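Working notes, beginning with the structure itself.
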Amino acid sequence: MNSDRDPTRSAPVGTPEGNKVDGDAETGAASDGVADHKAGSEVAAGSPLAGQNATIAQSATAVEGTTSVENATAAESATPAEGTTTADPWEAFAPPPGRAPGRVGRWAGRVGRVLGHEWTVASVLGLLLSVAMTWPSALHPSDTLPEDLGDPPLVAWILSWSGHAVIHDPTRLWHTNAFFPNRYSLAFTDTLLGYLPANVIGTGWVAAVIRYNVLFIFAFALASVGAYALVRQLGADRVGATVAGVAYAYAPWRYSQSGHLHVMSSGGIVLALAMLARGHGLSLRDGYRRDRVRPGWILAGWLVAAWQITIGFGIGIVFGYVLGGCVLVGAVAWLLRRWRPSRRVVIFNLLGGAVFLAVTAFMIYPYLRVLQTYAHVQRTIAELKVFSPPPRGFLVASPESLLWGTLHTTVRESLPFPPEMTLLPGFTLYGLALAGLFVSAWSVRARILLAAGVVVTLVCALGTNGPFHGWVGYVALYHLPGFNALRTPGRLIAWTTLLLGILAAGGLTGFARRGVEARGNRVPGRPEALLRIAALIPLALVVAEGVNKMPHPVVPAPPAGFSQLRGPLLVLPDDANADELYMLWSTENFPTMVNGLSGYAPVRQAELRAAGSTFPDQASVDQLRAAGVRTVVILRNEVNDPKQLAAEVDTFGVSREERGDLVIYTLNP
């Protein structure tokens with residue numbers, strides 16, 4: 001049947017285009033029927049029915065016209081008028097249209113997205129884990145200190161002094177109230193200046209104890225979250241990155257250093273490396289990807305690296321050399337045309353590097369002045385030998401380890417200096433890293449480089465016990481600027497732990513990827529759920545090895561009237577362990593005092609200590625008076641010598657008074 005339009009027929013005026021097509025089709029069909037009828041009439045033209053057929057044809061034509069008009073009218077009436085709408089017959093079955101959220105709803109959605117972001121969840125969980133692992137630091141933050149009453153009171157004093165100096169007299173920042181009359185005494189050890197925002201909050205020894213506990217918890221949390229961020233950037237999945245983060249922050253060896261907040265504060269290292277890797281578009285799985293370069297992260301990474309130098313200058317020296325090595329590798333890649341950074345990448349690296357170098361120079365200056373002022377401050381190979389661990393130290397945990405501490409008692413006691421020689425990163429971590437050498441998300445080249453890094457750091461951590469008495473290792477590094485200030489090579493185990501964690505994360509990610517490939521397009525079921533649960537077993541084992549039984553001794557309050565003592569003063573008994581507690585007590589008003597303990601003992605201080613041991617005789621009084629000391633304080637409960645407690649000193653020009661538990665001798669000019 002012919003469906004083409006009849007050119008001799010036109011649609012009524014005002015009929016929609018769609019109706020024209022329908023009408024033409026019907027008209028064409030009717031025309032075909034009439035044409036056939038005409039053909040039949042022509043064949044029988046000579047018959048008597050010819051006239052009758054003609055009459056029938058005229059009637060059909062009349063009917064055809066009438067039908068076409070009726071059809072056009074019906075189509076026109078069925079079509080909605082222009083500008084009008086018709087109801088959707090399916091509207092009753094459709095869901096009601098959603099309402100656009102208001103301002104409160106939009107803000108709630110944004111807050112929800114932030115709170116549910118991976119980095120928010122990782123940070124919150126990292127903080128909660130830190131609170132649990134350092135318990136009860138958060139329960140008794142004002143009257144206890146973790147580990148012991150040795151170095152923690154010293155570090156609490158360091159934190160308090162920097163805040164006090166910045167507020168009252170920044171020019172005295174490097175010249176503390178302790179170690180009188182020696183200058184640049186803050187540079188006798190790590191300064192932790194990067195914690196200044198916290199250091200200016202609160203005054204007195206209670207605030208100092210609270211501050212220390214808060215930063216102690218923060219240091220563990222930052223280390224775990226920073227390592228997680230780095231390993232995720234390198235390409236590991238969430239479980240693998242979590243294992244690496246927990247292993248880095250809570251390795252058994254860390255608890256042997258728990259009294260050294262400047263050593264525990266290594267989270268800035270891994271966080272800065274994560275930011276720099278993200279900014280340069282680098283990962284171990286994908287290599288360098290130009291489309292993922294983020295110059296802003298490069299600048300942020302350099303700023304965090306500079307901050308790390310201020311919170312842990314000792315461990316920051318090694319970090320600075322690592323960054324220098326990375327810059328050198330990048331320069332070689334550029335020269336070999338293997339890497340073509342954009343102009344923004346170069347500019348942001350130059351800006352960030354300049355800030356890093358400026359902060360490093362600021363931190364180096366007082367240490368250089370110490371080297372110039374004090375002839376005996378230089379470290380020697382003999383000192384390095386005292387703190388160099390034997391190889392078995394890498395398999396021994398500190399006594400604070402809940403899982404291994406008691407079991408390793410015998411072998412730990414065989415170590416020459418256990419606090420710096422119990423260097424176990426974790427047996428679970430060793431096993432996971434070994435498995436990661438064979439099955440991994442990392443390339444073979446990356447695994448080889450990571451394994452080489454593990455070996456190099458282990459050899460260097462041995463100090464003088466390394467190959468050829470350490471000359472292939474740390475002793476060779478000891479001749480580089482800055483390294484000669486680091487007499488504890490075992491602390492390089494932090495880098496070993498990080499590299500082992502990256503290997504382990506690659507292995508776990510590789511196993512997970514193989515499981516996904518084996519499953520294919522099959523709908524996940526019970527076997528897959530069991531495999532996901534099994535993937536958490538390594539994490540549980542790493543956490544178990546990190547659980548500790550760290551003591552939290554109560555900090556004794558200073559004797560009544562201690563804060564009103566006039567300096568310069570000497571507190572007796574003047575032994576090393578007691579000095580750290582005296583320094584903490586002095587944070588009330590920071591009186592100038594001879595007492596003080598750090599990584600360096602000045603010769604002048606040793607002379608005044610000797611004079612204090614024979615006080616009060618004429619020679620000691622004369623020596624102390626000549627040095628500028630005006631008050632000698634004896635703690636009645638700590639001294640059993642009746643000569644010091646009740647000496648007749650009128651003939652020496654010294655007055656005596658008792659004030660509670662204090663016996664105070666005033667050396668008149």
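Lettering and numbering for the structure tokens are positional, with chains as A, B, ... in the shown order, residues counted from 1 in each chain, and ligands counted from 1 in the shown order.
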Could you give me the residues within region 420-660 of chain A that DSSP places in strand (DSSP E or B), as a VMD selection string? chain A and resid 548 554 569 to 572 593 631 to 635 654 to 659
Contact check, region 586-641 of chain A to region 552-573 of chain A, at most 9 Å, counting only C-alpha atoms, closest pairs as a Markdown table:
| residue | atom | partner | partner_atom | distance |
| --- | --- | --- | --- | --- |
| A:Ser586 | CA | A:Ser563 | CA | 6.7 |
| A:Thr587 | CA | A:Ser563 | CA | 8.4 |
| A:Glu588 | CA | A:Ser563 | CA | 5.9 |
| A:Asn589 | CA | A:Ser563 | CA | 6.0 |
| A:Phe590 | CA | A:Ser563 | CA | 8.0 |
| A:Pro591 | CA | A:Gly567 | CA | 5.3 |
| A:Thr592 | CA | A:Pro568 | CA | 4.6 |
| A:Met593 | CA | A:Leu569 | CA | 4.7 |
| A:Val594 | CA | A:Leu570 | CA | 5.3 |
| A:Asn595 | CA | A:Leu570 | CA | 6.3 |
| A:Leu608 | CA | A:Leu570 | CA | 8.8 |
| A:Arg609 | CA | A:Leu570 | CA | 8.6 |
| A:Gly612 | CA | A:Leu572 | CA | 7.3 |
| A:Ser613 | CA | A:Pro573 | CA | 8.0 |
| A:Leu624 | CA | A:Leu570 | CA | 9.0 |
| A:Gly628 | CA | A:Pro568 | CA | 6.8 |
| A:Val629 | CA | A:Pro568 | CA | 4.9 |
| A:Arg630 | CA | A:Pro568 | CA | 5.6 |
| A:Thr631 | CA | A:Leu569 | CA | 4.5 |
| A:Val632 | CA | A:Leu570 | CA | 4.8 |
| A:Val633 | CA | A:Val571 | CA | 4.8 |
| A:Ile634 | CA | A:Leu572 | CA | 4.8 |
| A:Leu635 | CA | A:Leu572 | CA | 6.4 |
| A:Glu638 | CA | A:Pro573 | CA | 6.9 |
| A:Val639 | CA | A:Pro573 | CA | 6.6 |
May I have the residues from that selection written out with C-alpha atoms, as a PDB file, in the first residue's frame?
ATOM      1  CA  SER A 586      61.011  26.078  88.777  1.00  0.00           C
ATOM      2  CA  THR A 587      58.354  26.621  86.091  1.00  0.00           C
ATOM      3  CA  GLU A 588      56.274  28.553  88.659  1.00  0.00           C
ATOM      4  CA  ASN A 589      58.438  31.709  88.511  1.00  0.00           C
ATOM      5  CA  PHE A 590      61.568  30.442  86.735  1.00  0.00           C
ATOM      6  CA  PRO A 591      64.171  31.485  89.325  1.00  0.00           C
ATOM      7  CA  THR A 592      67.748  31.342  88.067  1.00  0.00           C
ATOM      8  CA  MET A 593      69.404  28.139  89.284  1.00  0.00           C
ATOM      9  CA  VAL A 594      72.656  26.222  88.985  1.00  0.00           C
ATOM     10  CA  ASN A 595      70.774  22.937  88.729  1.00  0.00           C
ATOM     11  CA  LEU A 608      79.673  24.399  91.253  1.00  0.00           C
ATOM     12  CA  ARG A 609      78.183  20.960  91.877  1.00  0.00           C
ATOM     13  CA  GLY A 612      77.727  22.206  96.723  1.00  0.00           C
ATOM     14  CA  SER A 613      78.779  18.725  97.843  1.00  0.00           C
ATOM     15  CA  LEU A 624      79.545  29.846  95.154  1.00  0.00           C
ATOM     16  CA  GLY A 628      77.046  34.776  91.724  1.00  0.00           C
ATOM     17  CA  VAL A 629      75.005  32.220  93.700  1.00  0.00           C
ATOM     18  CA  ARG A 630      72.925  33.960  96.395  1.00  0.00           C
ATOM     19  CA  THR A 631      70.837  31.114  97.846  1.00  0.00           C
ATOM     20  CA  VAL A 632      71.522  27.496  98.745  1.00  0.00           C
ATOM     21  CA  VAL A 633      68.391  25.443  99.428  1.00  0.00           C
ATOM     22  CA  ILE A 634      68.491  22.063 101.147  1.00  0.00           C
ATOM     23  CA  LEU A 635      65.516  19.706 100.993  1.00  0.00           C
ATOM     24  CA  GLU A 638      66.249  14.339 100.986  1.00  0.00           C
ATOM     25  CA  VAL A 639      69.413  15.147 102.978  1.00  0.00           C
TER      26      VAL A 639
END
Using only C-alpha atoms, which residues sit within 10 Å of Val346 (chain A) once same-chain residues fewer than 6 positions away are excluded, as a ChimeraX atom specification? /A:295,298,340,352
Need the shell around Ala441 (chain A): protein/DNA/RNA residues with any atom at most 7 Å away, counting only C-alpha atoms. Skip same-chain ones fewer than 3 positions apart. Format as a VMD selection string? chain A and resid 285 506 to 507 509 to 510
Can you tell me which residues surround region 652-656 of chain A at a distance of at most 10 Å, considering only C-alpha atoms, apart from same-chain residues fewer than 6 positions away, and format the answer as an MDAnalysis selection string? chainID A and resid 616:619 621:622 630:633 645:646 663:669
Since we have the selection now, will you write its residues out, keeping all heavy atoms, as a short mmCIF file (atom, residue, chain, number, x, y, z; two decimals), in the first residue's frame?
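Resulting contents of selection_3.cif:
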data_model
loop_
_atom_site.label_atom_id
_atom_site.label_comp_id
_atom_site.auth_asym_id
_atom_site.auth_seq_id
_atom_site.Cartn_x
_atom_site.Cartn_y
_atom_site.Cartn_z
N PRO A 616 78.29 23.42 104.00
CA PRO A 616 78.79 24.81 103.99
C PRO A 616 80.15 24.92 104.67
O PRO A 616 80.23 24.97 105.90
CB PRO A 616 77.72 25.53 104.80
CG PRO A 616 77.26 24.49 105.80
CD PRO A 616 77.50 23.14 105.21
N ASP A 617 81.20 24.92 103.93
CA ASP A 617 82.51 25.28 104.47
C ASP A 617 82.96 26.56 103.78
O ASP A 617 82.33 27.04 102.84
CB ASP A 617 83.52 24.14 104.27
CG ASP A 617 83.71 23.76 102.81
OD1 ASP A 617 83.22 24.50 101.92
OD2 ASP A 617 84.32 22.72 102.51
N GLN A 618 84.05 27.11 104.27
CA GLN A 618 84.47 28.42 103.78
C GLN A 618 84.79 28.39 102.28
O GLN A 618 84.41 29.29 101.54
CB GLN A 618 85.69 28.89 104.55
CG GLN A 618 86.14 30.31 104.20
CD GLN A 618 85.12 31.36 104.60
OE1 GLN A 618 84.78 31.48 105.79
NE2 GLN A 618 84.61 32.13 103.64
N ALA A 619 85.45 27.33 101.84
CA ALA A 619 85.85 27.26 100.43
C ALA A 619 84.63 27.20 99.51
O ALA A 619 84.56 27.90 98.48
CB ALA A 619 86.75 26.06 100.20
N VAL A 621 81.58 28.18 100.20
CA VAL A 621 80.83 29.44 100.25
C VAL A 621 81.50 30.48 99.37
O VAL A 621 80.83 31.22 98.62
CB VAL A 621 80.71 29.93 101.70
CG1 VAL A 621 80.16 31.36 101.74
CG2 VAL A 621 79.82 28.99 102.51
N ASP A 622 82.81 30.59 99.46
CA ASP A 622 83.53 31.57 98.65
C ASP A 622 83.37 31.28 97.16
O ASP A 622 83.19 32.21 96.35
CB ASP A 622 85.01 31.57 99.01
CG ASP A 622 85.25 32.12 100.42
OD1 ASP A 622 84.34 32.79 100.96
OD2 ASP A 622 86.34 31.85 100.97
N ARG A 630 73.36 33.21 95.22
CA ARG A 630 72.92 33.96 96.39
C ARG A 630 72.15 33.10 97.40
O ARG A 630 72.02 33.49 98.56
CB ARG A 630 72.04 35.13 95.95
CG ARG A 630 72.79 36.20 95.19
CD ARG A 630 73.80 36.89 96.11
NE ARG A 630 74.67 37.82 95.39
CZ ARG A 630 75.91 37.52 95.03
NH1 ARG A 630 76.42 36.32 95.31
NH2 ARG A 630 76.66 38.41 94.40
N THR A 631 71.65 31.94 96.95
CA THR A 631 70.84 31.11 97.85
C THR A 631 71.20 29.65 97.65
O THR A 631 71.34 29.18 96.51
CB THR A 631 69.34 31.30 97.55
OG1 THR A 631 69.01 32.69 97.59
CG2 THR A 631 68.48 30.56 98.57
N VAL A 632 71.35 28.95 98.76
CA VAL A 632 71.52 27.50 98.74
C VAL A 632 70.35 26.91 99.50
O VAL A 632 70.11 27.25 100.67
CB VAL A 632 72.86 27.07 99.38
CG1 VAL A 632 72.95 25.54 99.42
CG2 VAL A 632 74.04 27.65 98.61
N VAL A 633 69.60 26.03 98.86
CA VAL A 633 68.39 25.44 99.43
C VAL A 633 68.63 23.96 99.64
O VAL A 633 69.06 23.25 98.71
CB VAL A 633 67.18 25.67 98.50
CG1 VAL A 633 65.92 25.08 99.13
CG2 VAL A 633 67.01 27.14 98.20
N LEU A 645 72.23 20.49 107.44
CA LEU A 645 70.91 20.87 107.91
C LEU A 645 70.96 21.90 109.04
O LEU A 645 70.06 22.72 109.16
CB LEU A 645 70.14 19.63 108.38
CG LEU A 645 69.75 18.63 107.27
CD1 LEU A 645 69.10 17.40 107.89
CD2 LEU A 645 68.82 19.28 106.26
N ALA A 646 72.01 21.85 109.85
CA ALA A 646 72.04 22.73 111.03
C ALA A 646 73.44 23.29 111.24
O ALA A 646 73.96 23.27 112.35
CB ALA A 646 71.57 21.98 112.26
N VAL A 663 65.45 24.21 104.09
CA VAL A 663 66.46 24.91 104.87
C VAL A 663 67.19 25.84 103.90
O VAL A 663 67.82 25.38 102.95
CB VAL A 663 67.45 23.94 105.53
CG1 VAL A 663 68.51 24.70 106.31
CG2 VAL A 663 66.72 22.94 106.42
N ILE A 664 67.08 27.13 104.17
CA ILE A 664 67.53 28.13 103.20
C ILE A 664 68.73 28.88 103.77
O ILE A 664 68.66 29.48 104.85
CB ILE A 664 66.40 29.12 102.87
CG1 ILE A 664 65.16 28.35 102.39
CG2 ILE A 664 66.85 30.13 101.83
CD1 ILE A 664 63.94 29.23 102.24
N TYR A 665 69.82 28.84 103.01
CA TYR A 665 71.03 29.59 103.35
C TYR A 665 71.16 30.74 102.35
O TYR A 665 71.17 30.52 101.13
CB TYR A 665 72.27 28.71 103.29
CG TYR A 665 72.31 27.63 104.35
CD1 TYR A 665 71.81 26.35 104.08
CD2 TYR A 665 72.86 27.90 105.60
CE1 TYR A 665 71.86 25.36 105.04
CE2 TYR A 665 72.90 26.91 106.57
CZ TYR A 665 72.39 25.65 106.29
OH TYR A 665 72.43 24.68 107.26
N THR A 666 71.28 31.94 102.87
CA THR A 666 71.43 33.12 102.02
C THR A 666 72.86 33.61 102.10
O THR A 666 73.36 33.93 103.19
CB THR A 666 70.47 34.24 102.44
OG1 THR A 666 69.13 33.74 102.40
CG2 THR A 666 70.60 35.44 101.51
N LEU A 667 73.54 33.64 100.95
CA LEU A 667 74.93 34.08 100.89
C LEU A 667 74.94 35.60 100.70
O LEU A 667 74.69 36.10 99.61
CB LEU A 667 75.67 33.40 99.74
CG LEU A 667 76.14 31.95 99.93
CD1 LEU A 667 74.98 31.00 100.19
CD2 LEU A 667 76.94 31.48 98.71
N ASN A 668 75.21 36.29 101.79
CA ASN A 668 75.24 37.74 101.71
C ASN A 668 76.46 38.20 100.92
O ASN A 668 77.53 37.61 101.01
CB ASN A 668 75.26 38.34 103.12
CG ASN A 668 74.02 37.92 103.91
OD1 ASN A 668 72.91 37.93 103.39
ND2 ASN A 668 74.24 37.52 105.16
N PRO A 669 76.34 39.29 100.16
CA PRO A 669 77.47 39.79 99.36
C PRO A 669 78.66 40.15 100.23
O PRO A 669 78.50 40.54 101.39
CB PRO A 669 76.90 41.02 98.65
CG PRO A 669 75.42 40.82 98.69
CD PRO A 669 75.13 40.08 99.95
#
If you take only C-alpha atoms and a cut-off of 10 Å, which residues of region 499-584 of chain A touch region 144-165 of chain A, and what are their nearest atom pairs and distances in Å to one decimal, in chain and number order, as CSV?
residue,atom,partner,partner_atom,distance
A:Lys549,CA,A:Glu147,CA,9.5
A:Met550,CA,A:Glu147,CA,5.8
A:Pro551,CA,A:Glu147,CA,5.1
A:His552,CA,A:Pro146,CA,4.5
A:Pro553,CA,A:Thr144,CA,5.5
A:Val554,CA,A:Thr144,CA,4.3
A:Val555,CA,A:Thr144,CA,5.4
A:Pro556,CA,A:Thr144,CA,9.0
A:Ala576,CA,A:Gly150,CA,8.8
A:Asn577,CA,A:Gly150,CA,5.8
A:Ala578,CA,A:Gly150,CA,8.1
A:Asp579,CA,A:Leu154,CA,8.5
A:Glu580,CA,A:Leu154,CA,5.0
A:Leu581,CA,A:Pro153,CA,5.8
A:Tyr582,CA,A:Pro153,CA,8.7
A:Met583,CA,A:Trp157,CA,6.1
A:Leu584,CA,A:Trp157,CA,5.1
Go ahead and save the picked residues with N, CA and C atoms, as a CSV table (one decimal), in the first residue's frame.
chain,number,residue,atom,x,y,z
A,549,LYS,N,52.6,-1.6,78.9
A,549,LYS,CA,52.3,-1.5,80.4
A,549,LYS,C,53.2,-0.4,81.0
A,550,MET,N,53.2,0.7,80.3
A,550,MET,CA,54.1,1.8,80.6
A,550,MET,C,53.6,2.4,82.0
A,551,PRO,N,54.6,2.6,82.9
A,551,PRO,CA,54.2,3.2,84.2
A,551,PRO,C,53.9,4.7,84.1
A,552,HIS,N,53.1,5.2,85.0
A,552,HIS,CA,52.7,6.6,85.1
A,552,HIS,C,52.9,7.1,86.5
A,553,PRO,N,54.1,7.4,86.9
A,553,PRO,CA,54.3,7.8,88.3
A,553,PRO,C,53.7,9.1,88.6
A,554,VAL,N,53.3,9.3,89.9
A,554,VAL,CA,52.8,10.6,90.3
A,554,VAL,C,53.9,11.6,90.5
A,555,VAL,N,53.7,12.8,90.0
A,555,VAL,CA,54.7,13.9,90.1
A,555,VAL,C,54.6,14.5,91.5
A,556,PRO,N,55.6,14.5,92.3
A,556,PRO,CA,55.6,15.2,93.6
A,556,PRO,C,55.5,16.7,93.5
A,576,ALA,N,71.8,14.1,89.4
A,576,ALA,CA,71.3,14.3,88.1
A,576,ALA,C,69.8,14.0,88.0
A,577,ASN,N,69.3,13.0,88.6
A,577,ASN,CA,67.8,12.7,88.5
A,577,ASN,C,67.0,13.7,89.2
A,578,ALA,N,67.5,14.2,90.4
A,578,ALA,CA,66.7,15.2,91.1
A,578,ALA,C,66.7,16.5,90.4
A,579,ASP,N,67.7,16.8,89.6
A,579,ASP,CA,67.8,18.1,88.9
A,579,ASP,C,66.6,18.3,88.0
A,580,GLU,N,66.2,17.2,87.3
A,580,GLU,CA,65.1,17.3,86.3
A,580,GLU,C,63.8,17.7,87.1
A,581,LEU,N,63.6,17.1,88.3
A,581,LEU,CA,62.4,17.5,89.0
A,581,LEU,C,62.5,18.9,89.5
A,582,TYR,N,63.7,19.4,89.9
A,582,TYR,CA,63.8,20.8,90.3
A,582,TYR,C,63.5,21.7,89.2
A,583,MET,N,63.9,21.4,88.0
A,583,MET,CA,63.6,22.2,86.8
A,583,MET,C,62.1,22.3,86.6
A,584,LEU,N,61.4,21.2,86.7
A,584,LEU,CA,60.0,21.3,86.6
A,584,LEU,C,59.3,22.2,87.7
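The closest residue to Val444 (chain A), picked from A:Ala138, A:Val318, A:Leu284, A:Thr464 and counting only C-alpha atoms, is A:Leu284.
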Nearest residue to Ser266 (chain A) out of A:Ser123, A:Ser283, A:Ser620, A:Thr310, using only C-alpha atoms? A:Thr310
Members of region 268-417 of chain A assigned alpha helix (DSSP H) by DSSP, as a PyMOL selection string: chain A and resi 268-279+295-311+313-335+343-373+381-386+409-413
Which residues, written as an mmCIF file with all heavy atoms, in the first residue's frame, have at least one atom at most 10 Å from Thr360 (chain A), with only C-alpha atoms counted and residues fewer than 5 positions away on the same chain left out?
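Okay, selection25.cif is ready:
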data_model
loop_
_atom_site.group_PDB
_atom_site.id
_atom_site.type_symbol
_atom_site.label_atom_id
_atom_site.label_comp_id
_atom_site.auth_asym_id
_atom_site.auth_seq_id
_atom_site.Cartn_x
_atom_site.Cartn_y
_atom_site.Cartn_z
ATOM 1 N N ALA A 305 57.637 20.029 56.909
ATOM 2 C CA ALA A 305 59.016 19.584 57.122
ATOM 3 C C ALA A 305 59.788 20.587 57.973
ATOM 4 O O ALA A 305 60.566 20.209 58.868
ATOM 5 C CB ALA A 305 59.709 19.379 55.778
ATOM 6 N N ALA A 306 59.584 21.878 57.714
ATOM 7 C CA ALA A 306 60.236 22.908 58.528
ATOM 8 C C ALA A 306 59.748 22.847 59.966
ATOM 9 O O ALA A 306 60.534 22.999 60.915
ATOM 10 C CB ALA A 306 59.964 24.288 57.929
ATOM 11 N N TRP A 307 58.460 22.622 60.159
ATOM 12 C CA TRP A 307 57.918 22.480 61.519
ATOM 13 C C TRP A 307 58.517 21.277 62.234
ATOM 14 O O TRP A 307 58.819 21.327 63.423
ATOM 15 C CB TRP A 307 56.401 22.361 61.437
ATOM 16 C CG TRP A 307 55.758 22.092 62.758
ATOM 17 C CD1 TRP A 307 55.661 22.931 63.822
ATOM 18 C CD2 TRP A 307 55.109 20.880 63.156
ATOM 19 N NE1 TRP A 307 54.992 22.328 64.864
ATOM 20 C CE2 TRP A 307 54.640 21.073 64.479
ATOM 21 C CE3 TRP A 307 54.873 19.663 62.526
ATOM 22 C CZ2 TRP A 307 53.965 20.076 65.175
ATOM 23 C CZ3 TRP A 307 54.196 18.671 63.210
ATOM 24 C CH2 TRP A 307 53.749 18.884 64.519
ATOM 25 N N GLN A 308 58.720 20.191 61.499
ATOM 26 C CA GLN A 308 59.318 18.998 62.096
ATOM 27 C C GLN A 308 60.713 19.296 62.636
ATOM 28 O O GLN A 308 61.100 18.792 63.698
ATOM 29 C CB GLN A 308 59.376 17.875 61.062
ATOM 30 C CG GLN A 308 60.126 16.633 61.521
ATOM 31 C CD GLN A 308 59.488 15.958 62.703
ATOM 32 O OE1 GLN A 308 58.299 15.696 62.713
ATOM 33 N NE2 GLN A 308 60.282 15.654 63.723
ATOM 34 N N ILE A 309 61.468 20.102 61.935
ATOM 35 C CA ILE A 309 62.803 20.459 62.401
ATOM 36 C C ILE A 309 62.734 21.155 63.757
ATOM 37 O O ILE A 309 63.613 20.989 64.609
ATOM 38 C CB ILE A 309 63.500 21.380 61.368
ATOM 39 C CG1 ILE A 309 63.790 20.597 60.078
ATOM 40 C CG2 ILE A 309 64.791 21.974 61.925
ATOM 41 C CD1 ILE A 309 64.802 19.488 60.231
ATOM 42 N N THR A 310 61.672 21.906 64.004
ATOM 43 C CA THR A 310 61.570 22.653 65.254
ATOM 44 C C THR A 310 61.065 21.813 66.419
ATOM 45 O O THR A 310 61.229 22.219 67.567
ATOM 46 C CB THR A 310 60.623 23.858 65.079
ATOM 47 O OG1 THR A 310 59.296 23.392 64.799
ATOM 48 C CG2 THR A 310 61.095 24.758 63.957
ATOM 49 N N PHE A 313 64.810 18.359 66.575
ATOM 50 C CA PHE A 313 65.973 18.741 65.777
ATOM 51 C C PHE A 313 66.940 17.565 65.614
ATOM 52 O O PHE A 313 67.557 17.402 64.564
ATOM 53 C CB PHE A 313 66.695 19.925 66.413
ATOM 54 C CG PHE A 313 67.791 20.488 65.550
ATOM 55 C CD1 PHE A 313 67.486 21.077 64.340
ATOM 56 C CD2 PHE A 313 69.109 20.421 65.944
ATOM 57 C CE1 PHE A 313 68.488 21.594 63.526
ATOM 58 C CE2 PHE A 313 70.121 20.932 65.143
ATOM 59 C CZ PHE A 313 69.811 21.524 63.933
ATOM 60 N N GLY A 316 65.497 15.341 63.211
ATOM 61 C CA GLY A 316 65.318 16.169 62.023
ATOM 62 C C GLY A 316 66.571 16.269 61.179
ATOM 63 O O GLY A 316 66.484 16.548 59.975
ATOM 64 N N ILE A 317 67.742 16.066 61.791
ATOM 65 C CA ILE A 317 68.986 16.116 61.011
ATOM 66 C C ILE A 317 68.988 15.027 59.947
ATOM 67 O O ILE A 317 69.295 15.265 58.776
ATOM 68 C CB ILE A 317 70.202 15.984 61.949
ATOM 69 C CG1 ILE A 317 70.317 17.230 62.838
ATOM 70 C CG2 ILE A 317 71.477 15.766 61.152
ATOM 71 C CD1 ILE A 317 71.400 17.130 63.891
ATOM 72 N N GLY A 320 66.515 15.885 57.271
ATOM 73 C CA GLY A 320 67.032 16.879 56.342
ATOM 74 C C GLY A 320 67.904 16.255 55.265
ATOM 75 O O GLY A 320 67.809 16.624 54.080
ATOM 76 N N ALA A 354 63.146 27.200 50.456
ATOM 77 C CA ALA A 354 63.746 28.377 51.094
ATOM 78 C C ALA A 354 63.272 28.524 52.536
ATOM 79 O O ALA A 354 64.063 28.828 53.441
ATOM 80 C CB ALA A 354 63.403 29.631 50.296
ATOM 81 N N VAL A 355 61.978 28.294 52.772
ATOM 82 C CA VAL A 355 61.463 28.357 54.139
ATOM 83 C C VAL A 355 62.102 27.270 54.998
ATOM 84 O O VAL A 355 62.507 27.517 56.150
ATOM 85 C CB VAL A 355 59.928 28.205 54.129
ATOM 86 C CG1 VAL A 355 59.388 28.087 55.551
ATOM 87 C CG2 VAL A 355 59.284 29.384 53.426
ATOM 88 N N TYR A 365 71.806 27.821 64.476
ATOM 89 C CA TYR A 365 72.623 28.904 65.025
ATOM 90 C C TYR A 365 72.984 28.707 66.497
ATOM 91 O O TYR A 365 74.180 28.769 66.859
ATOM 92 C CB TYR A 365 71.919 30.240 64.822
ATOM 93 C CG TYR A 365 72.608 31.397 65.508
ATOM 94 C CD1 TYR A 365 73.762 31.950 64.968
ATOM 95 C CD2 TYR A 365 72.121 31.915 66.707
ATOM 96 C CE1 TYR A 365 74.412 33.000 65.603
ATOM 97 C CE2 TYR A 365 72.753 32.960 67.338
ATOM 98 C CZ TYR A 365 73.900 33.503 66.795
ATOM 99 O OH TYR A 365 74.544 34.536 67.432
#
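Taking CA of Val516 (chain A) and CA of Gly240 (chain A) as the two end points, the separation is 15.3 Å.
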Could you list, as a PyMOL selection string, every residue within 12 Å of Arg343 (chain A), counting only C-alpha atoms and ignoring same-chain residues fewer than 5 positions away? chain A and resi 293+295+348-350
Okay, now the selection with N, CA and C atoms, as a PDB file, in the first residue's frame?
ATOM      1  N   VAL A 293      49.571  16.163  39.690  1.00  0.00           N
ATOM      2  CA  VAL A 293      50.452  17.122  40.355  1.00  0.00           C
ATOM      3  C   VAL A 293      49.609  18.208  41.013  1.00  0.00           C
ATOM      4  N   PRO A 295      50.637  21.542  43.089  1.00  0.00           N
ATOM      5  CA  PRO A 295      51.708  22.391  43.634  1.00  0.00           C
ATOM      6  C   PRO A 295      51.436  22.891  45.044  1.00  0.00           C
ATOM      7  N   PHE A 348      57.030  26.505  43.557  1.00  0.00           N
ATOM      8  CA  PHE A 348      56.582  26.106  44.888  1.00  0.00           C
ATOM      9  C   PHE A 348      57.657  25.308  45.622  1.00  0.00           C
ATOM     10  N   ASN A 349      58.446  24.535  44.903  1.00  0.00           N
ATOM     11  CA  ASN A 349      59.562  23.840  45.537  1.00  0.00           C
ATOM     12  C   ASN A 349      60.619  24.817  46.024  1.00  0.00           C
ATOM     13  N   LEU A 350      60.888  25.836  45.221  1.00  0.00           N
ATOM     14  CA  LEU A 350      61.878  26.833  45.626  1.00  0.00           C
ATOM     15  C   LEU A 350      61.401  27.618  46.843  1.00  0.00           C
TER      16      LEU A 350
END
